[in-house]
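Scroll down for the structure; my scribbles are underneath it.
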Amino acid sequence: MGLMGFLRNKAGVILTAAMAIAILAFLLGDVVRGGAPFWARHQNRVGEVNGTEIEYPAFNQQVEQTEEMFKQQMGGAVTPQMRTYAVQQVWNQFLSREILKKEIEKIGLTVGKEELNDLVKGPNPSPQIVQAFTNPQTGQFDHSQLMTFLGQVNNNPAVYDQWNTLLEGVRDERLSSKYGELLSNSVYVTSLEANEEYQERNKLANFKYILLDYASVKDADAKLTDADYQEYYDEHKNMFKTQEETRAIQYVTVDAKPLAKDSLAVKETINKLKQDLIVAKDDSLFASINSDNKYPFTYVKKGQLSPSLDSVVFNVAAGTTVGPFLNNNAYEIAKVVSTTVSPDSVKASHILLDPAAEGGVDKALAKADSIKGLIQKGDNFAALAVQFSKDPESKTNGGELGTFTRGRMVPEFENAVFEGKTGDIKVVKSQFGVHVIKIEKQSGSSKYAKVAIIDKVISSGKETLNNAHSKATAFLSAATAQNFAQEAKKLGLEAKTASRVTAMDNVLDGNEAPRDLIKWAFDAKKGDISDKVFETETSYILASLVDIQPKGTLSLEAVKKDIEPAVRNMVKAKILKEKFGKALAGASSIDQVAQKVGKSAIHVENVVFANPVIPGVALENKVVGTVFGLQPNKPSKAIEGSTGVYVVQVNGFTNPAAISDINGQKKQMLAAKAQRAWGSIFRALQDKAEIIDNRVKFF
């Protein structure tokens, strides 16, 4: 073939290739000029509020720091639930900060240095500080844990970043609180409002009612039309507003929970470990290596172990190994290493010396012995603490550390104060330096045991998992968007639909769902079936995306299935209203109406407007509201309620005595109003804000 013939035949291909090269050159030029191509811009953006963006690296760093705090607080590894909560907490802080920032700047609110310091170290620390430094064993705020952490801030870059993130959260929380207090102080209650509220809570209504309940009309007699659905939808449109985009996911769960044979296998394993633990040379190390959950190797008292261990450990001699016991889906054994009778709590003071500043550990110990000698000769401990201690928090209080229980101090310090006697002066070396300790007071006395604990969680064996996975993959290969439910039924499975799944959910209908399933759903197209099996700890899940519901007011089609019961009741109400309408014609009393519909009028007393409950029936806002607007001794029109259609007739009202303390009533109402005001205003600002949430792409 000649050159011209080749060009004629390939001209389209060459032209297309040339255009592609030109476009690529343009895009690469965009990279050089702008630093990133247009398709890459905002790819790292986790979210945006009112034009302020937060990039993934910065957001993720805060998430990791929050996770670390949770880990320190609760112990153990970071779970998916903890990670989800950390992501939500960081997002809420970002959202709150940016939504309120302009409002706070307008007013000029700030948090001063002394104020921030008081929120950290003062007598009433910030809730975030309390949460971060709560002892997981006692559930109480641990001041010593806070001080230990602060001692590491300047020496550890990771701790420094973590602390700054926490401080920023404390500052933002305080600014939000100040702003909220200003808004709350702008709320007021008039005397007219106070009197009306008093009447609503104390005026009593006595009336008769007839109820024709919805169940009295057969479903077959209440045929639903498209017009009925439309009517209900139009009347209740505000109910269908959503703040974020949602997904409807059809899914099938294949159970992979442990079987009896799996439990037996775990029990055999723990029994073998028990024999090894009996002869182990290093009990704590052996337990740490072999236990699924790592338990602290420290003294515990009765009530701090699982019920089974707790009932045995304190009644056996040191060196005894007990178990296995079944506890929370795990078999556990324990070796009692030693026992002692010890105080329950100790009040102590200390003087902390820094070996680096003293020229080494030996010199620090020698100086500590000298200080101990001075104290024993009668010198004032508090004055010496102010003079020599390197602990900035306790030295200002004369070295006082307050009262604490076991598990609150490092082991060397704890052993010294719990094994000594009131009045003892001890010199102890720990990771923080050299301590001169004075035991001020010991309270209580209990038996304590140092216990090496091993547990093995009952999990599904290989055969159980393989069988469940095979069933899941068989379904995956056969299922399509059209036959999803039918194929599930063939395999003895049930297809369910979760209809309002948000981007940051980790559940489907209240059950655990993997994050990668939710991420898939928010990247898929309507009608897609997942091309993989999603796994949880106890199941395999297969999914199909059946609908995408955008932010805003949901369409009638999206809510049609959900509103069907309410629409059916609406149609039944029309039938029952018509029946009541005929009975009301010419009737002068409710008893006459009751006779016509074959019912008895029921008498009720002492119903108040503020608690609109018809005794023995249900909460009926519309019915009771109508009662308080009626004249006595005249039957009402038919009223559509939540359980059926009513006709009511007021016998009379009992008015309360005049309000005796209107100022007290106003004060009570003001407190309730102020509490609601902050939430309402924040929601209004949030609705007004321009928010872009891309978290599902990253987490």
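To be explicit about the labels: the chains of the structure tokens are called A, B, and onward in the order shown, and within each one the residues are counted from 1, while ligands get numbers from 1 in the order they are shown.
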
DSSP on the backbone, then: every residue of region 134-307 of chain A marked strand (DSSP E or B), written as a PDB file with N, CA and C atoms, in the first residue's frame.
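Written output follows (selection_2.pdb):
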```pdb
ATOM      1  N   THR A 134      -9.893  10.246  81.576  1.00  0.00           N
ATOM      2  CA  THR A 134     -10.690   9.442  82.495  1.00  0.00           C
ATOM      3  C   THR A 134     -10.060   8.063  82.626  1.00  0.00           C
ATOM      4  N   PHE A 141     -12.252  11.038  86.389  1.00  0.00           N
ATOM      5  CA  PHE A 141     -11.185  11.887  85.849  1.00  0.00           C
ATOM      6  C   PHE A 141      -9.908  11.666  86.647  1.00  0.00           C
ATOM      7  N   LEU A 204     -57.962  21.279  83.968  1.00  0.00           N
ATOM      8  CA  LEU A 204     -58.390  19.898  83.773  1.00  0.00           C
ATOM      9  C   LEU A 204     -59.638  19.832  82.909  1.00  0.00           C
ATOM     10  N   ALA A 205     -59.668  18.847  82.011  1.00  0.00           N
ATOM     11  CA  ALA A 205     -60.845  18.640  81.155  1.00  0.00           C
ATOM     12  C   ALA A 205     -61.488  17.305  81.481  1.00  0.00           C
ATOM     13  N   ASN A 206     -62.814  17.319  81.601  1.00  0.00           N
ATOM     14  CA  ASN A 206     -63.594  16.094  81.758  1.00  0.00           C
ATOM     15  C   ASN A 206     -64.473  15.952  80.515  1.00  0.00           C
ATOM     16  N   PHE A 207     -64.369  14.815  79.831  1.00  0.00           N
ATOM     17  CA  PHE A 207     -65.119  14.685  78.570  1.00  0.00           C
ATOM     18  C   PHE A 207     -65.432  13.224  78.273  1.00  0.00           C
ATOM     19  N   LYS A 208     -66.327  13.052  77.310  1.00  0.00           N
ATOM     20  CA  LYS A 208     -66.649  11.732  76.779  1.00  0.00           C
ATOM     21  C   LYS A 208     -66.099  11.626  75.357  1.00  0.00           C
ATOM     22  N   TYR A 209     -65.803  10.387  74.971  1.00  0.00           N
ATOM     23  CA  TYR A 209     -65.355  10.203  73.580  1.00  0.00           C
ATOM     24  C   TYR A 209     -65.869   8.881  73.030  1.00  0.00           C
ATOM     25  N   ILE A 210     -65.998   8.852  71.703  1.00  0.00           N
ATOM     26  CA  ILE A 210     -66.285   7.621  70.962  1.00  0.00           C
ATOM     27  C   ILE A 210     -65.102   7.425  70.013  1.00  0.00           C
ATOM     28  N   LEU A 211     -64.591   6.211  69.960  1.00  0.00           N
ATOM     29  CA  LEU A 211     -63.472   5.894  69.073  1.00  0.00           C
ATOM     30  C   LEU A 211     -63.866   4.799  68.095  1.00  0.00           C
ATOM     31  N   LEU A 212     -63.732   5.095  66.808  1.00  0.00           N
ATOM     32  CA  LEU A 212     -63.813   4.074  65.756  1.00  0.00           C
ATOM     33  C   LEU A 212     -62.383   3.861  65.273  1.00  0.00           C
ATOM     34  N   ASP A 213     -61.746   2.761  65.711  1.00  0.00           N
ATOM     35  CA  ASP A 213     -60.324   2.596  65.394  1.00  0.00           C
ATOM     36  C   ASP A 213     -60.128   2.102  63.972  1.00  0.00           C
ATOM     37  N   LYS A 241     -37.863  15.940  54.393  1.00  0.00           N
ATOM     38  CA  LYS A 241     -36.637  16.706  54.113  1.00  0.00           C
ATOM     39  C   LYS A 241     -35.435  15.993  54.728  1.00  0.00           C
ATOM     40  N   THR A 242     -34.353  15.903  53.984  1.00  0.00           N
ATOM     41  CA  THR A 242     -33.123  15.280  54.485  1.00  0.00           C
ATOM     42  C   THR A 242     -31.978  16.278  54.389  1.00  0.00           C
ATOM     43  N   THR A 246     -28.778  10.259  50.741  1.00  0.00           N
ATOM     44  CA  THR A 246     -28.858   8.924  51.327  1.00  0.00           C
ATOM     45  C   THR A 246     -28.957   7.876  50.221  1.00  0.00           C
ATOM     46  N   ARG A 247     -28.795   6.616  50.625  1.00  0.00           N
ATOM     47  CA  ARG A 247     -28.880   5.495  49.693  1.00  0.00           C
ATOM     48  C   ARG A 247     -29.861   4.457  50.234  1.00  0.00           C
ATOM     49  N   ALA A 248     -30.522   3.757  49.311  1.00  0.00           N
ATOM     50  CA  ALA A 248     -31.324   2.585  49.657  1.00  0.00           C
ATOM     51  C   ALA A 248     -30.545   1.365  49.177  1.00  0.00           C
ATOM     52  N   ILE A 249     -30.196   0.489  50.124  1.00  0.00           N
ATOM     53  CA  ILE A 249     -29.346  -0.657  49.818  1.00  0.00           C
ATOM     54  C   ILE A 249     -30.112  -1.945  50.121  1.00  0.00           C
ATOM     55  N   GLN A 250     -30.249  -2.789  49.093  1.00  0.00           N
ATOM     56  CA  GLN A 250     -30.788  -4.128  49.309  1.00  0.00           C
ATOM     57  C   GLN A 250     -29.613  -5.049  49.611  1.00  0.00           C
ATOM     58  N   TYR A 251     -29.762  -5.883  50.625  1.00  0.00           N
ATOM     59  CA  TYR A 251     -28.600  -6.682  51.020  1.00  0.00           C
ATOM     60  C   TYR A 251     -29.021  -8.044  51.546  1.00  0.00           C
ATOM     61  N   VAL A 252     -28.070  -8.967  51.478  1.00  0.00           N
ATOM     62  CA  VAL A 252     -28.250 -10.319  51.995  1.00  0.00           C
ATOM     63  C   VAL A 252     -27.098 -10.601  52.945  1.00  0.00           C
ATOM     64  N   THR A 253     -27.409 -11.144  54.110  1.00  0.00           N
ATOM     65  CA  THR A 253     -26.384 -11.481  55.106  1.00  0.00           C
ATOM     66  C   THR A 253     -26.254 -12.994  55.217  1.00  0.00           C
ATOM     67  N   VAL A 254     -25.029 -13.481  55.048  1.00  0.00           N
ATOM     68  CA  VAL A 254     -24.742 -14.904  55.233  1.00  0.00           C
ATOM     69  C   VAL A 254     -24.052 -15.057  56.581  1.00  0.00           C
ATOM     70  N   ASP A 255     -24.685 -15.752  57.504  1.00  0.00           N
ATOM     71  CA  ASP A 255     -24.187 -15.901  58.867  1.00  0.00           C
ATOM     72  C   ASP A 255     -22.920 -16.748  58.893  1.00  0.00           C
ATOM     73  N   TYR A 299      -2.353  -5.342  90.848  1.00  0.00           N
ATOM     74  CA  TYR A 299      -3.229  -5.789  91.926  1.00  0.00           C
ATOM     75  C   TYR A 299      -4.664  -5.327  91.664  1.00  0.00           C
ATOM     76  N   VAL A 300      -5.606  -6.231  91.881  1.00  0.00           N
ATOM     77  CA  VAL A 300      -7.030  -5.911  91.742  1.00  0.00           C
ATOM     78  C   VAL A 300      -7.752  -6.383  92.995  1.00  0.00           C
ATOM     79  N   LYS A 301      -8.914  -5.775  93.249  1.00  0.00           N
ATOM     80  CA  LYS A 301      -9.717  -6.229  94.384  1.00  0.00           C
ATOM     81  C   LYS A 301     -11.050  -6.755  93.883  1.00  0.00           C
TER      82      LYS A 301
END
```

Practice prompt. Write out as a count of residues only which residues come within 12 Å of Gln88 (chain A) when counting only C-alpha atoms, dropping same-chain ones fewer than 2 positions away.
Written response: 27

Discussion item. Quick check for you: according to DSSP on this backbone, which residues of region 324-401 of chain A are classed as helix (DSSP H, G or I)? Reply as number ranges by chain.
Written reply: A: 355-358, 361-376, 381-388, 392-395

Emit the selected residues as a compact mmCIF listing (two decimals), in the first residue's frame, including N, CA and C atoms.
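out-v7.txt, written as the output of this step:
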```txt
# COMPACT_ATOMS: atom_id res chain seq x y z
N PRO A 355 16.76 13.83 87.40
CA PRO A 355 18.15 13.36 87.37
C PRO A 355 19.04 14.13 86.41
N ALA A 356 18.48 14.56 85.27
CA ALA A 356 19.28 15.30 84.29
C ALA A 356 19.76 16.62 84.88
N ALA A 357 18.88 17.27 85.65
CA ALA A 357 19.24 18.56 86.24
C ALA A 357 20.17 18.39 87.44
N GLU A 358 20.15 17.21 88.06
CA GLU A 358 20.96 16.97 89.25
C GLU A 358 22.32 16.36 88.94
N VAL A 361 21.41 10.01 87.96
CA VAL A 361 20.48 9.34 88.87
C VAL A 361 21.08 9.22 90.28
N ASP A 362 22.37 8.87 90.35
CA ASP A 362 23.01 8.67 91.66
C ASP A 362 22.97 9.95 92.49
N LYS A 363 23.28 11.09 91.84
CA LYS A 363 23.26 12.36 92.56
C LYS A 363 21.84 12.75 92.95
N ALA A 364 20.87 12.43 92.07
CA ALA A 364 19.47 12.73 92.40
C ALA A 364 19.02 11.90 93.59
N LEU A 365 19.42 10.61 93.64
CA LEU A 365 19.07 9.76 94.77
C LEU A 365 19.70 10.24 96.06
N ALA A 366 20.98 10.69 95.95
CA ALA A 366 21.68 11.21 97.13
C ALA A 366 20.99 12.47 97.66
N LYS A 367 20.58 13.35 96.74
CA LYS A 367 19.89 14.57 97.15
C LYS A 367 18.53 14.23 97.78
N ALA A 368 17.85 13.23 97.20
CA ALA A 368 16.56 12.80 97.74
C ALA A 368 16.73 12.27 99.16
N ASP A 369 17.80 11.52 99.41
CA ASP A 369 18.06 11.00 100.76
C ASP A 369 18.31 12.14 101.74
N SER A 370 19.00 13.18 101.25
CA SER A 370 19.26 14.35 102.11
C SER A 370 17.96 15.05 102.48
N ILE A 371 17.07 15.23 101.47
CA ILE A 371 15.77 15.87 101.72
C ILE A 371 14.95 15.02 102.68
N LYS A 372 15.00 13.69 102.49
CA LYS A 372 14.29 12.79 103.39
C LYS A 372 14.78 12.97 104.83
N GLY A 373 16.11 13.11 104.99
CA GLY A 373 16.68 13.32 106.32
C GLY A 373 16.18 14.60 106.95
N LEU A 374 16.09 15.68 106.15
CA LEU A 374 15.60 16.96 106.66
C LEU A 374 14.15 16.83 107.14
N ILE A 375 13.34 16.11 106.37
CA ILE A 375 11.93 15.94 106.73
C ILE A 375 11.82 15.15 108.03
N GLN A 376 12.63 14.10 108.15
CA GLN A 376 12.59 13.26 109.36
C GLN A 376 13.05 14.03 110.60
N PHE A 381 7.62 19.69 104.97
CA PHE A 381 7.60 19.01 103.66
C PHE A 381 7.12 19.97 102.57
N ALA A 382 6.04 20.71 102.84
CA ALA A 382 5.47 21.60 101.83
C ALA A 382 6.48 22.65 101.39
N ALA A 383 7.22 23.23 102.35
CA ALA A 383 8.21 24.25 102.01
C ALA A 383 9.34 23.65 101.16
N LEU A 384 9.76 22.43 101.50
CA LEU A 384 10.82 21.77 100.71
C LEU A 384 10.32 21.44 99.31
N ALA A 385 9.03 21.09 99.17
CA ALA A 385 8.46 20.82 97.85
C ALA A 385 8.48 22.07 96.98
N VAL A 386 8.09 23.20 97.56
CA VAL A 386 8.12 24.46 96.82
C VAL A 386 9.55 24.79 96.39
N GLN A 387 10.51 24.48 97.24
CA GLN A 387 11.92 24.82 96.96
C GLN A 387 12.55 23.87 95.94
N PHE A 388 12.28 22.55 96.04
CA PHE A 388 13.06 21.59 95.26
C PHE A 388 12.29 20.85 94.15
N PRO A 392 5.56 20.91 88.31
CA PRO A 392 4.99 22.26 88.37
C PRO A 392 3.59 22.30 88.97
N GLU A 393 2.85 21.21 88.83
CA GLU A 393 1.47 21.22 89.31
C GLU A 393 1.41 21.04 90.82
N SER A 394 2.12 20.02 91.35
CA SER A 394 1.96 19.71 92.77
C SER A 394 2.79 20.63 93.68
N LYS A 395 3.90 21.19 93.16
CA LYS A 395 4.76 21.98 94.04
C LYS A 395 4.05 23.22 94.58
```

Return as a tab-separated table the residues of region 505-579 of chain A lying at most 12 Å from region 477-494 of chain A, together with the closest atom-to-atom pair for each and the distance in Å to one decimal, counting only C-alpha atoms, with rows in chain order and ascending residue number.
```
residue	atom	partner	partner_atom	distance
A:Lys525	CA	A:Ala481	CA	11.6
A:Lys526	CA	A:Ala481	CA	9.5
A:Gly527	CA	A:Ala481	CA	5.8
A:Asp528	CA	A:Ala481	CA	6.9
A:Ile529	CA	A:Ala481	CA	6.5
A:Ser530	CA	A:Thr480	CA	10.0
A:Asp531	CA	A:Ser477	CA	9.2
A:Lys532	CA	A:Ser477	CA	10.0
A:Val533	CA	A:Ser477	CA	10.7
A:Tyr540	CA	A:Leu493	CA	11.8
A:Ile541	CA	A:Leu493	CA	11.1
A:Leu542	CA	A:Ala479	CA	9.7
A:Ala543	CA	A:Phe484	CA	9.0
A:Ser544	CA	A:Ala481	CA	6.8
A:Leu545	CA	A:Ala481	CA	8.5
A:Val546	CA	A:Ala481	CA	8.2
A:Asp547	CA	A:Ala481	CA	11.6
```

Worksheet entry | Exercise: region 581-589 of chain A partners within 10 Å, only C-alpha atoms, chain neighbours under 2 positions left out, as a VMD selection string | chain A and resid 575 to 579 591 to 597 633 to 638 647 to 649

Worksheet item: Near Asn328 (chain A), within 10 Å and counting only C-alpha atoms, which residues show up once chain neighbours fewer than 5 positions away are dropped, as a VMD selection string?
Response: chain A and resid 306 457 to 458

Worksheet item: So which one's closest to Ala558 (chain A), A:Tyr229, A:Phe475, A:Lys121, A:Ala495? Using only C-alpha atoms, please.
Response: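 Among the listed residues, the smallest separation from Ala558 (chain A) belongs to A:Tyr229.
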
Worksheet entry | Spatial neighbours of Asp344 (chain A), max dist 9 Å, only C-alpha atoms, sep filter under 3 positions, as a ChimeraX atom specification | /A:301,404-406,418,442-446

Mind writing the picked residues with N, CA, C and O atoms as a PDB file, in the first residue's frame?
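Written output follows (part_10.pdb):
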```
ATOM      1  N   LYS A 301      -8.914  -5.775  93.249  1.00  0.00           N
ATOM      2  CA  LYS A 301      -9.717  -6.229  94.384  1.00  0.00           C
ATOM      3  C   LYS A 301     -11.050  -6.755  93.883  1.00  0.00           C
ATOM      4  O   LYS A 301     -11.384  -6.629  92.698  1.00  0.00           O
ATOM      5  N   PHE A 404      -5.868   8.866  95.950  1.00  0.00           N
ATOM      6  CA  PHE A 404      -5.993   8.063  94.734  1.00  0.00           C
ATOM      7  C   PHE A 404      -6.052   6.581  95.097  1.00  0.00           C
ATOM      8  O   PHE A 404      -5.645   6.159  96.179  1.00  0.00           O
ATOM      9  N   THR A 405      -6.592   5.791  94.172  1.00  0.00           N
ATOM     10  CA  THR A 405      -6.703   4.342  94.347  1.00  0.00           C
ATOM     11  C   THR A 405      -5.618   3.657  93.531  1.00  0.00           C
ATOM     12  O   THR A 405      -4.869   4.295  92.792  1.00  0.00           O
ATOM     13  N   ARG A 406      -5.541   2.337  93.643  1.00  0.00           N
ATOM     14  CA  ARG A 406      -4.580   1.569  92.843  1.00  0.00           C
ATOM     15  C   ARG A 406      -4.877   1.741  91.351  1.00  0.00           C
ATOM     16  O   ARG A 406      -6.020   1.903  90.951  1.00  0.00           O
ATOM     17  N   PHE A 418       1.291   2.082  98.746  1.00  0.00           N
ATOM     18  CA  PHE A 418       0.296   1.102  99.198  1.00  0.00           C
ATOM     19  C   PHE A 418       0.906   0.030 100.094  1.00  0.00           C
ATOM     20  O   PHE A 418       0.196  -0.615 100.860  1.00  0.00           O
ATOM     21  N   GLN A 442      -3.849   6.605 104.790  1.00  0.00           N
ATOM     22  CA  GLN A 442      -4.326   5.409 104.093  1.00  0.00           C
ATOM     23  C   GLN A 442      -5.737   5.099 104.575  1.00  0.00           C
ATOM     24  O   GLN A 442      -6.008   5.145 105.775  1.00  0.00           O
ATOM     25  N   SER A 443      -6.638   4.811 103.607  1.00  0.00           N
ATOM     26  CA  SER A 443      -8.051   4.582 103.960  1.00  0.00           C
ATOM     27  C   SER A 443      -8.508   3.225 103.454  1.00  0.00           C
ATOM     28  O   SER A 443      -8.135   2.794 102.362  1.00  0.00           O
ATOM     29  N   GLY A 444      -9.352   2.574 104.263  1.00  0.00           N
ATOM     30  CA  GLY A 444      -9.928   1.302 103.870  1.00  0.00           C
ATOM     31  C   GLY A 444      -8.921   0.169 103.910  1.00  0.00           C
ATOM     32  O   GLY A 444      -7.716   0.381 104.069  1.00  0.00           O
ATOM     33  N   SER A 445      -9.399  -1.038 103.737  1.00  0.00           N
ATOM     34  CA  SER A 445      -8.519  -2.204 103.709  1.00  0.00           C
ATOM     35  C   SER A 445      -9.243  -3.341 103.013  1.00  0.00           C
ATOM     36  O   SER A 445     -10.376  -3.668 103.368  1.00  0.00           O
ATOM     37  N   SER A 446      -8.613  -3.918 101.985  1.00  0.00           N
ATOM     38  CA  SER A 446      -9.215  -5.017 101.237  1.00  0.00           C
ATOM     39  C   SER A 446      -8.141  -6.001 100.832  1.00  0.00           C
ATOM     40  O   SER A 446      -6.945  -5.685 100.813  1.00  0.00           O
TER      41      SER A 446
END
```

Response to the item:
Shortest contact to Ser499 (chain A), candidates A:Thr165, A:Asn397, A:Thr110, A:Gln549, atoms counted only C-alpha atoms, goes to A:Gln549

Worksheet item: So, counting only C-alpha atoms, which residue among A:Leu224, A:Leu119, A:Val322, A:Leu150 is closest to Val567 (chain A)?
Response: A:Leu224

Fill in: Separation of CA of Leu109 (chain A) from CA of Arg174 (chain A), in Å and rounded to one decimal
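Here the two named atoms are 10.0 Å from each other.
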
Fill in: Atomic distance CA of Gln199 (chain A) - CA of Pro615 (chain A), expressed in Å with one decimal
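Between CA of Gln199 (chain A) and CA of Pro615 (chain A) the gap works out to 20.3 Å.
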